[in-house]
file input.tsv (TSV, C-alpha atoms)
chain	number	residue	atom	x	y	z
A	260	MET	CA	107.76	75.49	6.68
A	261	ILE	CA	107.32	76.39	3.01
A	262	THR	CA	110.58	77.51	1.38
A	263	HIS	CA	109.76	77.36	-2.36
A	264	HIS	CA	107.27	80.00	-3.42
A	265	LEU	CA	105.48	81.37	-6.48
A	266	SER	CA	107.35	83.82	-8.70
A	267	ASP	CA	106.30	87.45	-9.12
A	268	ASN	CA	105.27	86.95	-12.73
A	269	LEU	CA	103.02	83.99	-11.89
A	270	LEU	CA	101.37	85.96	-9.08
A	271	MET	CA	100.89	89.00	-11.31
A	272	ALA	CA	99.44	86.89	-14.14
A	273	TYR	CA	97.14	85.09	-11.68
A	274	SER	CA	95.98	88.46	-10.33
A	275	ALA	CA	95.44	89.74	-13.88
A	276	GLY	CA	93.50	86.57	-14.76
A	277	THR	CA	95.60	85.62	-17.78
A	278	LEU	CA	96.88	82.14	-16.83
A	279	PRO	CA	95.57	78.85	-18.23
A	280	GLU	CA	93.12	77.08	-15.91
A	281	ALA	CA	95.62	74.36	-14.88
A	282	PHE	CA	98.11	77.01	-13.73
A	283	ASN	CA	95.39	78.91	-11.88
A	284	LEU	CA	94.63	75.65	-10.05
A	285	ALA	CA	98.26	75.17	-8.95
A	286	VAL	CA	98.70	78.83	-7.96
A	287	ALA	CA	95.44	78.90	-5.96
A	288	THR	CA	96.22	75.60	-4.21
A	289	HIS	CA	99.69	76.82	-3.20
A	290	ILE	CA	98.17	80.06	-1.86
A	291	ALA	CA	95.68	78.02	0.20
A	292	LEU	CA	98.73	76.53	1.96
A	293	CYS	CA	101.00	79.61	2.01
A	294	ASP	CA	100.02	82.86	3.74
A	295	ASP	CA	103.17	84.53	2.48
A	296	CYS	CA	102.09	84.10	-1.15
A	297	ARG	CA	98.51	84.98	-0.15
A	298	ALA	CA	99.82	88.34	1.09
A	299	ARG	CA	101.98	88.76	-2.04
A	300	LEU	CA	98.93	88.05	-4.21
A	301	ALA	CA	96.97	90.68	-2.27
A	302	SER	CA	99.75	93.18	-3.02
A	303	PHE	CA	99.53	92.34	-6.74
A	304	ASP	CA	95.74	92.77	-6.53
A	305	ALA	CA	96.49	96.18	-4.99
A	306	VAL	CA	98.48	97.03	-8.13
A	307	GLY	CA	95.37	96.06	-10.13
A	308	GLY	CA	93.32	98.36	-7.89
A	309	ALA	CA	95.72	101.21	-8.59
A	310	VAL	CA	95.58	100.51	-12.36
A	311	LEU	CA	91.76	100.50	-12.23
A	312	ASP	CA	91.63	103.70	-10.18
A	313	GLY	CA	94.07	105.44	-12.54
A	314	VAL	CA	92.62	104.21	-15.85
A	315	LEU	CA	90.92	107.53	-16.69
A	316	GLU	CA	94.31	109.31	-16.57
A	317	ASP	CA	95.00	107.60	-19.89
A	318	GLU	CA	93.95	109.96	-22.65
A	319	THR	CA	92.27	107.27	-24.74
A	320	ALA	CA	90.02	106.44	-21.78
A	321	SER	CA	89.63	109.87	-20.17
A	322	THR	CA	86.24	110.59	-21.78
A	323	THR	CA	84.64	107.31	-20.68
A	324	ARG	CA	81.27	107.88	-19.02
A	325	MET	CA	78.46	105.61	-17.95
A	326	GLU	CA	75.28	105.92	-20.05
A	327	SER	CA	72.72	108.38	-18.76
A	328	GLY	CA	70.28	106.39	-16.67
A	329	ALA	CA	72.95	103.83	-15.72
A	330	LEU	CA	72.73	104.61	-12.00
A	331	ALA	CA	68.93	104.33	-11.99
A	332	ALA	CA	69.09	101.07	-13.96
A	333	THR	CA	71.70	99.67	-11.55
A	334	LEU	CA	69.70	100.66	-8.48
A	335	ALA	CA	66.59	99.06	-9.98
A	336	ARG	CA	68.49	95.82	-10.48
A	337	ILE	CA	69.84	95.98	-6.93
A	338	LYS	CA	66.28	96.20	-5.57
A	339	THR	CA	65.26	92.97	-7.25
A	340	ALA	CA	68.55	91.12	-6.82
A	341	ALA	CA	68.81	88.52	-4.09
A	342	PRO	CA	71.58	89.10	-1.56
A	343	VAL	CA	74.66	86.95	-2.14
A	344	ALA	CA	75.27	84.42	0.59
A	345	ARG	CA	78.85	84.09	1.69
A	346	SER	CA	80.07	80.79	0.34
A	347	PRO	CA	83.35	79.96	2.00
A	348	GLN	CA	84.50	76.93	0.11
A	349	ARG	CA	86.79	75.33	2.57
A	350	ALA	CA	88.25	71.87	2.86
A	351	PRO	CA	88.01	70.22	6.30
A	352	GLN	CA	90.77	71.17	8.74
A	353	ASN	CA	92.93	68.06	8.33
A	354	ALA	CA	92.30	67.45	4.64
A	355	LEU	CA	95.34	66.72	2.51
A	356	LEU	CA	93.84	68.51	-0.48
A	357	PRO	CA	92.89	72.16	0.14
A	358	GLU	CA	90.40	74.11	-1.97
A	359	PRO	CA	90.21	74.62	-4.88
A	360	LEU	CA	91.99	71.31	-5.57
A	361	ALA	CA	89.53	69.26	-3.48
A	362	SER	CA	86.61	70.39	-5.66
A	363	TYR	CA	88.48	69.43	-8.83
A	364	VAL	CA	89.15	65.95	-7.43
A	365	GLY	CA	85.68	65.58	-5.90
A	366	GLY	CA	86.85	65.25	-2.29
A	367	ASP	CA	89.98	64.47	-0.38
A	368	VAL	CA	92.80	62.08	-1.23
A	369	SER	CA	90.59	58.97	-0.94
A	370	GLN	CA	88.60	60.22	-3.96
A	371	ILE	CA	91.63	60.32	-6.25
A	372	ARG	CA	91.17	57.82	-9.11
A	373	TRP	CA	94.77	56.71	-9.63
A	374	ARG	CA	96.09	54.97	-12.72
A	375	ASN	CA	99.28	52.96	-12.55
A	376	LEU	CA	102.16	54.14	-14.67
A	377	GLY	CA	104.50	51.30	-13.63
A	378	GLY	CA	107.14	51.14	-10.92
A	379	GLY	CA	104.57	52.08	-8.31
A	380	VAL	CA	104.15	55.55	-9.86
A	381	ARG	CA	100.51	56.56	-10.33
A	382	GLN	CA	98.71	59.56	-11.76
A	383	MET	CA	95.28	61.11	-12.12
A	384	LEU	CA	94.62	63.62	-14.88
A	385	ILE	CA	92.50	66.58	-13.75
A	386	PRO	CA	90.26	67.99	-16.47
A	387	THR	CA	90.98	71.67	-17.18
A	388	SER	CA	90.96	73.84	-20.28
A	389	GLU	CA	93.10	72.63	-23.16
A	390	HIS	CA	95.74	75.35	-22.76
A	391	ALA	CA	97.64	73.35	-20.11
A	392	THR	CA	97.53	70.00	-18.34
A	393	ALA	CA	97.06	69.28	-14.63
A	394	ARG	CA	97.60	65.94	-12.96
A	395	LEU	CA	98.19	64.45	-9.55
A	396	LEU	CA	101.26	62.23	-9.23
A	397	TYR	CA	101.90	59.52	-6.67
A	398	ILE	CA	105.54	58.55	-6.25
A	399	PRO	CA	106.40	55.78	-3.76
A	400	ALA	CA	108.82	56.79	-1.01
A	401	GLY	CA	112.37	56.38	-2.26
A	402	ALA	CA	111.38	56.06	-5.93
A	403	ALA	CA	112.70	58.31	-8.68
A	404	VAL	CA	110.51	60.36	-10.96
A	405	PRO	CA	111.70	59.51	-14.49
A	406	ASP	CA	114.51	61.83	-15.62
A	407	HIS	CA	113.03	64.53	-17.77
A	408	GLY	CA	113.69	67.88	-19.29
A	409	HIS	CA	110.95	70.42	-19.95
A	410	ARG	CA	109.65	71.96	-23.11
A	411	GLY	CA	107.38	74.51	-21.48
A	412	LEU	CA	106.68	75.75	-18.00
A	413	GLU	CA	106.00	73.18	-15.29
A	414	LEU	CA	104.82	73.75	-11.72
A	415	THR	CA	105.00	70.94	-9.15
A	416	LEU	CA	103.25	71.45	-5.82
A	417	VAL	CA	103.94	68.91	-3.06
A	418	LEU	CA	100.88	67.82	-1.07
A	419	GLN	CA	102.28	64.85	0.87
A	420	GLY	CA	105.79	63.55	1.52
A	421	ALA	CA	108.71	65.27	-0.16
A	422	PHE	CA	111.03	65.02	-3.12
A	423	ALA	CA	114.53	66.28	-3.70
A	424	ASP	CA	116.68	66.79	-6.75
A	425	GLU	CA	120.34	67.72	-7.08
A	426	ASP	CA	119.73	71.24	-5.78
A	427	ALA	CA	116.85	71.37	-3.35
A	428	ARG	CA	114.24	69.64	-1.21
A	429	PHE	CA	110.52	70.16	-1.71
A	430	GLY	CA	108.05	69.33	1.09
A	431	ARG	CA	104.32	69.91	1.61
A	432	GLY	CA	103.28	73.28	0.22
A	433	ASP	CA	106.52	73.86	-1.67
A	434	ILE	CA	106.15	74.62	-5.38
A	435	GLU	CA	108.85	73.92	-7.92
A	436	ILE	CA	108.94	76.10	-11.02
A	437	ALA	CA	110.78	74.39	-13.88
A	438	ASP	CA	111.25	75.59	-17.42
A	439	GLU	CA	113.20	74.72	-20.52
A	440	GLY	CA	116.58	75.04	-18.82
A	441	THR	CA	115.69	72.61	-16.04
A	442	GLU	CA	116.86	69.01	-16.30
A	443	HIS	CA	116.70	67.11	-13.08
A	444	GLN	CA	116.21	63.76	-11.42
A	445	PRO	CA	113.82	64.24	-8.53
A	446	VAL	CA	113.58	61.39	-6.02
A	447	ALA	CA	110.84	60.94	-3.43
A	448	GLU	CA	112.22	60.94	0.10
A	449	PRO	CA	112.18	57.70	2.09
A	450	GLY	CA	109.36	57.51	4.62
A	451	GLU	CA	106.06	58.83	3.31
A	452	ASP	CA	104.94	58.31	-0.31
A	453	CYS	CA	104.94	61.57	-2.23
A	454	ILE	CA	101.78	63.09	-3.74
A	455	CYS	CA	102.04	66.22	-5.85
A	456	LEU	CA	100.06	68.35	-8.25
A	457	ALA	CA	101.95	68.87	-11.51
A	458	VAL	CA	100.85	71.27	-14.24
A	459	THR	CA	102.50	71.91	-17.54
A	460	ASP	CA	101.83	73.88	-20.69
A	461	ALA	CA	103.75	71.39	-22.87
A	462	PRO	CA	104.18	67.61	-22.79
A	463	LEU	CA	107.20	66.48	-20.76
A	464	LYS	CA	110.02	64.89	-22.71
A	465	PHE	CA	111.45	61.83	-21.04
A	466	ARG	CA	115.04	60.85	-21.66
A	467	ALA	CA	114.79	57.18	-20.82
A	468	LEU	CA	113.51	55.04	-23.70
A	469	LEU	CA	110.67	53.28	-21.95
A	470	PRO	CA	108.90	56.31	-20.52
A	471	ARG	CA	109.20	58.01	-23.91
A	472	LEU	CA	107.40	55.12	-25.57
A	473	ALA	CA	104.78	55.23	-22.87
A	474	GLN	CA	104.35	58.97	-23.09
A	475	PRO	CA	101.55	59.26	-25.67
A	476	PHE	CA	99.73	56.37	-24.10
A	477	PHE	CA	99.74	57.72	-20.56
A	478	ARG	CA	99.61	61.41	-21.47
A	479	ILE	CA	102.31	62.06	-18.88
B	88	MET	CA	94.96	112.02	-4.62
B	89	ASN	CA	94.82	113.14	-0.99
B	90	SER	CA	96.09	110.77	1.68
B	91	GLY	CA	92.68	109.92	3.12
B	92	GLN	CA	90.93	108.96	-0.15
B	93	GLY	CA	91.11	105.22	0.49
B	94	THR	CA	89.60	105.57	3.96
B	95	GLU	CA	86.73	107.64	2.52
B	96	TRP	CA	85.75	104.83	0.17
B	97	VAL	CA	85.85	102.34	3.06
B	98	ILE	CA	83.40	104.48	5.04
B	99	LEU	CA	81.03	104.76	2.07
B	100	LEU	CA	81.13	101.03	1.34
B	101	ARG	CA	80.46	100.29	5.02
B	102	LYS	CA	77.34	102.50	4.81
B	103	VAL	CA	76.16	100.49	1.82
B	104	ALA	CA	76.71	97.24	3.75
B	105	ASP	CA	75.21	98.36	7.06
B	106	ASP	CA	72.45	100.79	6.05
B	107	GLN	CA	71.80	100.09	2.35
B	108	ASP	CA	72.71	103.77	1.93
B	109	THR	CA	71.85	104.86	-1.63
B	110	ASP	CA	73.73	108.19	-1.40
B	111	ALA	CA	76.91	106.39	-0.39
B	112	PHE	CA	76.42	103.92	-3.25
B	113	THR	CA	75.85	106.79	-5.69
B	114	ALA	CA	79.21	108.33	-4.76
B	115	LEU	CA	80.92	104.96	-5.28
B	116	PHE	CA	79.08	104.44	-8.57
B	117	GLU	CA	80.03	107.84	-9.95
B	118	HIS	CA	83.70	107.28	-9.19
B	119	PHE	CA	84.16	103.60	-9.95
B	120	GLY	CA	81.48	102.97	-12.65
B	121	PRO	CA	83.32	104.82	-15.45
B	122	ARG	CA	86.65	103.37	-14.31
B	123	VAL	CA	85.35	99.80	-14.45
B	124	LYS	CA	83.86	100.54	-17.87
B	125	ALA	CA	87.14	102.00	-19.16
B	126	PHE	CA	89.07	99.05	-17.66
B	127	LEU	CA	86.81	96.58	-19.50
B	128	MET	CA	87.13	98.51	-22.77
B	129	LYS	CA	90.92	98.51	-22.37
B	130	SER	CA	90.59	94.73	-21.90
B	131	GLY	CA	88.90	94.32	-25.26
B	132	ALA	CA	85.17	94.83	-24.61
B	133	ASP	CA	83.13	97.02	-26.95
B	134	HIS	CA	81.21	99.99	-25.60
B	135	ALA	CA	77.86	98.26	-25.07
B	136	MET	CA	79.37	95.17	-23.43
B	137	ALA	CA	81.59	97.28	-21.16
B	138	GLU	CA	78.57	99.37	-20.08
B	139	GLU	CA	76.49	96.31	-19.27
B	140	CYS	CA	79.31	94.55	-17.43
B	141	ALA	CA	80.26	97.69	-15.48
B	142	GLN	CA	76.65	97.86	-14.24
B	143	ASP	CA	76.87	94.16	-13.29
B	144	VAL	CA	80.06	94.87	-11.34
B	145	MET	CA	78.38	97.72	-9.43
B	146	VAL	CA	75.38	95.48	-8.60
B	147	THR	CA	77.88	92.96	-7.18
B	148	VAL	CA	79.59	95.74	-5.19
B	149	TRP	CA	76.26	96.44	-3.44
B	150	LYS	CA	75.39	92.80	-2.89
B	151	LYS	CA	78.82	91.76	-1.57
B	152	ALA	CA	79.56	94.95	0.38
B	153	ALA	CA	79.37	93.08	3.70
B	154	GLN	CA	82.13	90.70	2.57
B	155	PHE	CA	84.66	93.46	1.97
B	156	ASP	CA	87.61	93.25	4.38
B	157	PRO	CA	89.34	96.66	4.65
B	158	SER	CA	92.35	95.20	6.47
B	159	ARG	CA	93.30	93.24	3.35
B	160	ALA	CA	92.30	95.44	0.41
B	161	SER	CA	91.36	98.98	-0.58
B	162	VAL	CA	87.91	99.51	-2.12
B	163	ALA	CA	89.59	100.10	-5.51
B	164	THR	CA	91.44	96.77	-5.17
B	165	TRP	CA	88.30	94.91	-4.15
B	166	ILE	CA	86.32	96.36	-7.07
B	167	TYR	CA	89.23	95.50	-9.36
B	168	THR	CA	88.94	91.81	-8.36
B	169	ILE	CA	85.19	91.87	-9.10
B	170	ALA	CA	85.81	93.55	-12.48
B	171	ARG	CA	88.61	91.09	-13.27
B	172	ASN	CA	86.31	88.14	-12.57
B	173	ARG	CA	83.54	89.67	-14.66
B	174	ARG	CA	86.00	90.18	-17.50
B	175	ILE	CA	87.03	86.50	-17.40
B	176	ASP	CA	83.35	85.49	-17.77
B	177	MET	CA	82.67	88.16	-20.39
B	178	LEU	CA	85.57	87.15	-22.64
B	179	ARG	CA	85.11	83.41	-21.88
B	180	ARG	CA	88.67	83.16	-20.64
B	181	ASP	CA	90.05	80.19	-18.73
B	182	ARG	CA	88.40	79.45	-15.38
B	183	ARG	CA	90.22	80.97	-12.44
B	184	PRO	CA	89.67	78.92	-9.27
B	185	GLU	CA	90.46	80.78	-6.05
B	186	PRO	CA	92.22	79.64	-2.87
B	187	GLU	CA	89.98	78.73	0.05
B	188	ASP	CA	89.11	81.94	1.81
B	189	LEU	CA	89.92	83.04	5.34
B	190	ASN	CA	86.70	84.87	6.03
B	191	TRP	CA	85.97	87.04	9.00
B	192	GLY	CA	83.25	85.46	11.05
B	193	PRO	CA	80.26	87.77	11.60
B	194	GLU	CA	81.39	88.39	15.17
B	195	GLU	CA	84.90	89.42	14.21
B	196	GLU	CA	85.87	92.90	13.09
B	197	PRO	CA	89.23	93.61	11.49
B	198	ASP	CA	91.73	95.49	13.62
B	199	GLN	CA	91.30	99.26	13.03
B	200	PHE	CA	95.06	99.78	13.02
B	201	ASP	CA	95.37	97.22	10.21
B	202	VAL	CA	92.58	98.93	8.27
B	203	LEU	CA	94.08	102.42	8.49
B	204	GLY	CA	97.57	101.16	7.66
B	205	LEU	CA	96.41	99.14	4.66
B	206	GLN	CA	94.40	102.02	3.21
B	207	GLN	CA	97.39	104.37	3.54
B	208	GLU	CA	99.72	101.82	1.96
B	209	SER	CA	97.30	101.40	-0.94
B	210	ASP	CA	97.21	105.16	-1.55
B	211	GLN	CA	101.01	105.28	-1.46
B	212	LEU	CA	101.31	102.33	-3.84
B	213	ALA	CA	98.98	104.05	-6.32
B	214	ALA	CA	101.14	107.19	-6.12
B	215	ALA	CA	104.31	105.13	-6.61
B	216	ILE	CA	102.86	103.42	-9.70
B	217	ALA	CA	101.74	106.77	-11.15
B	218	SER	CA	105.30	108.06	-10.86
B	219	LEU	CA	107.01	105.04	-12.47
B	220	PRO	CA	108.86	105.61	-15.74
B	221	GLU	CA	106.32	105.66	-18.58
B	222	LYS	CA	107.58	102.46	-20.22
B	223	GLN	CA	107.40	100.41	-17.02
B	224	ARG	CA	104.01	101.83	-16.05
B	225	VAL	CA	102.55	100.99	-19.46
B	226	MET	CA	103.85	97.39	-19.22
B	227	ILE	CA	102.17	96.97	-15.84
B	228	GLU	CA	98.89	98.44	-17.11
B	229	ARG	CA	98.96	96.15	-20.12
B	230	ALA	CA	99.51	93.12	-17.87
B	231	TYR	CA	96.38	94.04	-15.87
B	232	PHE	CA	94.30	94.78	-18.98
B	233	GLY	CA	95.05	91.17	-19.96
B	234	ASP	CA	97.21	92.36	-22.84
B	235	LEU	CA	100.34	90.38	-21.88
B	236	SER	CA	100.73	86.63	-21.46
B	237	HIS	CA	102.42	85.36	-18.31
B	238	SER	CA	105.63	84.63	-20.21
B	239	GLU	CA	105.83	88.27	-21.31
B	240	ILE	CA	105.67	89.60	-17.74
B	241	ALA	CA	109.14	90.29	-16.37
B	242	GLU	CA	110.25	87.94	-13.60
B	243	GLU	CA	111.24	90.99	-11.54
B	244	THR	CA	108.43	93.52	-11.83
B	245	GLY	CA	110.34	96.27	-10.02
B	246	LEU	CA	107.21	97.23	-8.11
B	247	PRO	CA	107.62	98.53	-4.53
B	248	LEU	CA	105.39	95.90	-2.90
B	249	GLY	CA	107.40	95.02	0.22
B	250	THR	CA	105.60	97.32	2.67
B	251	ILE	CA	102.03	96.59	1.66
B	252	LYS	CA	102.80	92.86	1.52
B	253	SER	CA	104.21	92.90	5.07
B	254	ARG	CA	101.14	94.72	6.33
B	255	ILE	CA	98.73	92.26	4.73
B	256	ARG	CA	100.86	89.41	6.06
B	257	LEU	CA	100.42	90.72	9.62
B	258	ALA	CA	96.67	91.04	9.14
B	259	LEU	CA	96.60	87.41	7.94
B	260	GLU	CA	98.55	86.31	11.01
B	261	ARG	CA	96.03	88.01	13.29
B	262	LEU	CA	93.22	86.37	11.34
B	263	ARG	CA	94.82	82.90	11.56
B	264	HIS	CA	95.29	83.45	15.28
B	265	SER	CA	91.63	84.37	15.79
B	266	LEU	CA	90.51	81.35	13.75
B	267	SER	CA	92.53	78.83	15.74
call {"tool": "encode", "arguments": {"input": "input.tsv", "output": "structure tokens"}}
result
Amino acid sequence: MITHHLSDNLLMAYSAGTLPEAFNLAVATHIALCDDCRARLASFDAVGGAVLDGVLEDETASTTRMESGALAATLARIKTAAPVARSPQRAPQNALLPEPLASYVGGDVSQIRWRNLGGGVRQMLIPTSEHATARLLYIPAGAAVPDHGHRGLELTLVLQGAFADEDARFGRGDIEIADEGTEHQPVAEPGEDCICLAVTDAPLKFRALLPRLAQPFFRI
Amino acid sequence: MNSGQGTEWVILLRKVADDQDTDAFTALFEHFGPRVKAFLMKSGADHAMAEECAQDVMVTVWKKAAQFDPSRASVATWIYTIARNRRIDMLRRDRRPEPEDLNWGPEEEPDQFDVLGLQQESDQLAAAIASLPEKQRVMIERAYFGDLSHSEIAEETGLPLGTIKSRIRLALERLRHSLS
């Protein structure tokens, strides 16, 4: 049961196509696991449909016309164009990583190329555009994620296990939205090791001395 | 806009998918072509680029017509998503991966009750947006033209999305049920 969802402004920005790639990845992966946010996204797409349909009401756009001959040119292109095959990109039923995350990793969880960060914590950076950073984090059951504040916006999507901080518990499919005001000490629950997708538009600032020294080196 | 407009577009798009009906496509082209072009120009494209990309979008509308699911989107909404994706390519914006899809199998048709309800909700949503206070309506339009960053979009958008969301949610539940 997913209890932590995407915010309206993230869904609207994802619908509008204005988020950095790393955020798009986290939003899309949450939606793959959450039909409630899938339906909310569809309602934000419907707003986009209404904006498109009403765009000529705006006086600066009201005289927009297609070029003469545009219909004929389009129909000519349709005649020669190959039909588009439906390409449902879909992870196998029991996969831990849904699409689109699986494609970014190159398969399911066994394909993740972990790097040790010490204390049993591991990460894999996922290449995306430079505007934000995406990485997978592996936190052993019962271990704490280093105490950190946030300089930008950070989304953390749980894929396996669970973590909890002072206020709330996050299990598979839950997404935590943290910003500058958030300072917390998340701890992975005992039992299953925790795997999550974390994206941020600014480097995290760690409060403990050692992780801060390690920060540039590990790019965490 | 009359209350059955959305359903009319669904019927025309179905004719394109099933019968490769050029007259039906022409009606869709004449309505949506200039709107897609204006949308792309509002998003920062010049006239020539917007014209070319609007034609691309309409070619995609024909080619993907069979993939349109009228229980989850209006035709305007579906064309918006195609135009949005074309705009991301056109302006070389950040890649936008999509969630894995829940496609209808070829043997499964969406529930007609869901289709009718969704089309009516879409028409009502469009009317509600048109009657928003000017300032709020302009903010929403700017967000969809790609003119606002995500941090500039208000956390509470104040949009009346509860009804259409619930309807789509039900359609998804039926789809999940038929897939399992």
call {"tool": "closest_residue", "arguments": {"input": "input.tsv", "among": "A:Leu311, A:Met325, A:Cys453, A:Ala437", "to": "Ser266 in chain A", "atoms": "only C-alpha atoms"}}
result
A:Ala437
call {"tool": "atom_distance", "arguments": {"input": "input.tsv", "atom1": "CA of Gly120 in chain B", "atom2": "CA of Met145 in chain B"}}
result
6.9 Å
call {"tool": "atom_distance", "arguments": {"input": "input.tsv", "atom1": "CA of Thr415 in chain A", "atom2": "CA of Gly366 in chain A"}}
result
20.2 Å
call {"tool": "atom_distance", "arguments": {"input": "input.tsv", "atom1": "CA of Gly379 in chain A", "atom2": "CA of Val417 in chain A"}}
result
17.6 Å
call {"tool": "closest_residue", "arguments": {"input": "input.tsv", "among": "B:Leu266, B:Ile240, B:Phe232, B:Arg122", "to": "Gln352 in chain A", "atoms": "only C-alpha atoms"}}
result
B:Leu266
call {"tool": "closest_residue", "arguments": {"input": "input.tsv", "among": "A:Ala305, A:Asn283, A:Leu412, A:Gln444", "to": "Glu208 in chain B", "atoms": "only C-alpha atoms"}}
result
A:Ala305
call {"tool": "axis_aligned_box", "arguments": {"input": "input.tsv", "around": "range 93-106 of chain B", "padding_each_side": "5 Å", "output": "AutoDock Vina command-line options"}}
result
--center_x 81.8 --center_y 102.4 --center_z 3.6 --size_x 28.7 --size_y 20.4 --size_z 16.9
call {"tool": "residues_around", "arguments": {"input": "input.tsv", "residues": "Ala160 in chain B", "least_positions_apart": "4", "cutoff": "9 Å", "atoms": "only C-alpha atoms", "output": "PyMOL selection string"}}
result
(chain A and resi 301-302+304-305+308) or (chain B and resi 155-156+164-165+202+205-206+209+255)
call {"tool": "closest_residue", "arguments": {"input": "input.tsv", "among": "A:Leu414, A:Ala285, A:Leu265, A:Ile290", "to": "chain B", "atoms": "only C-alpha atoms"}}
result
A:Ile290
call {"tool": "closest_residue", "arguments": {"input": "input.tsv", "among": "B:Gly233, B:Gly131, B:Gly93, B:Pro157", "to": "chain A", "atoms": "all atoms listed in the file"}}
result
B:Gly233
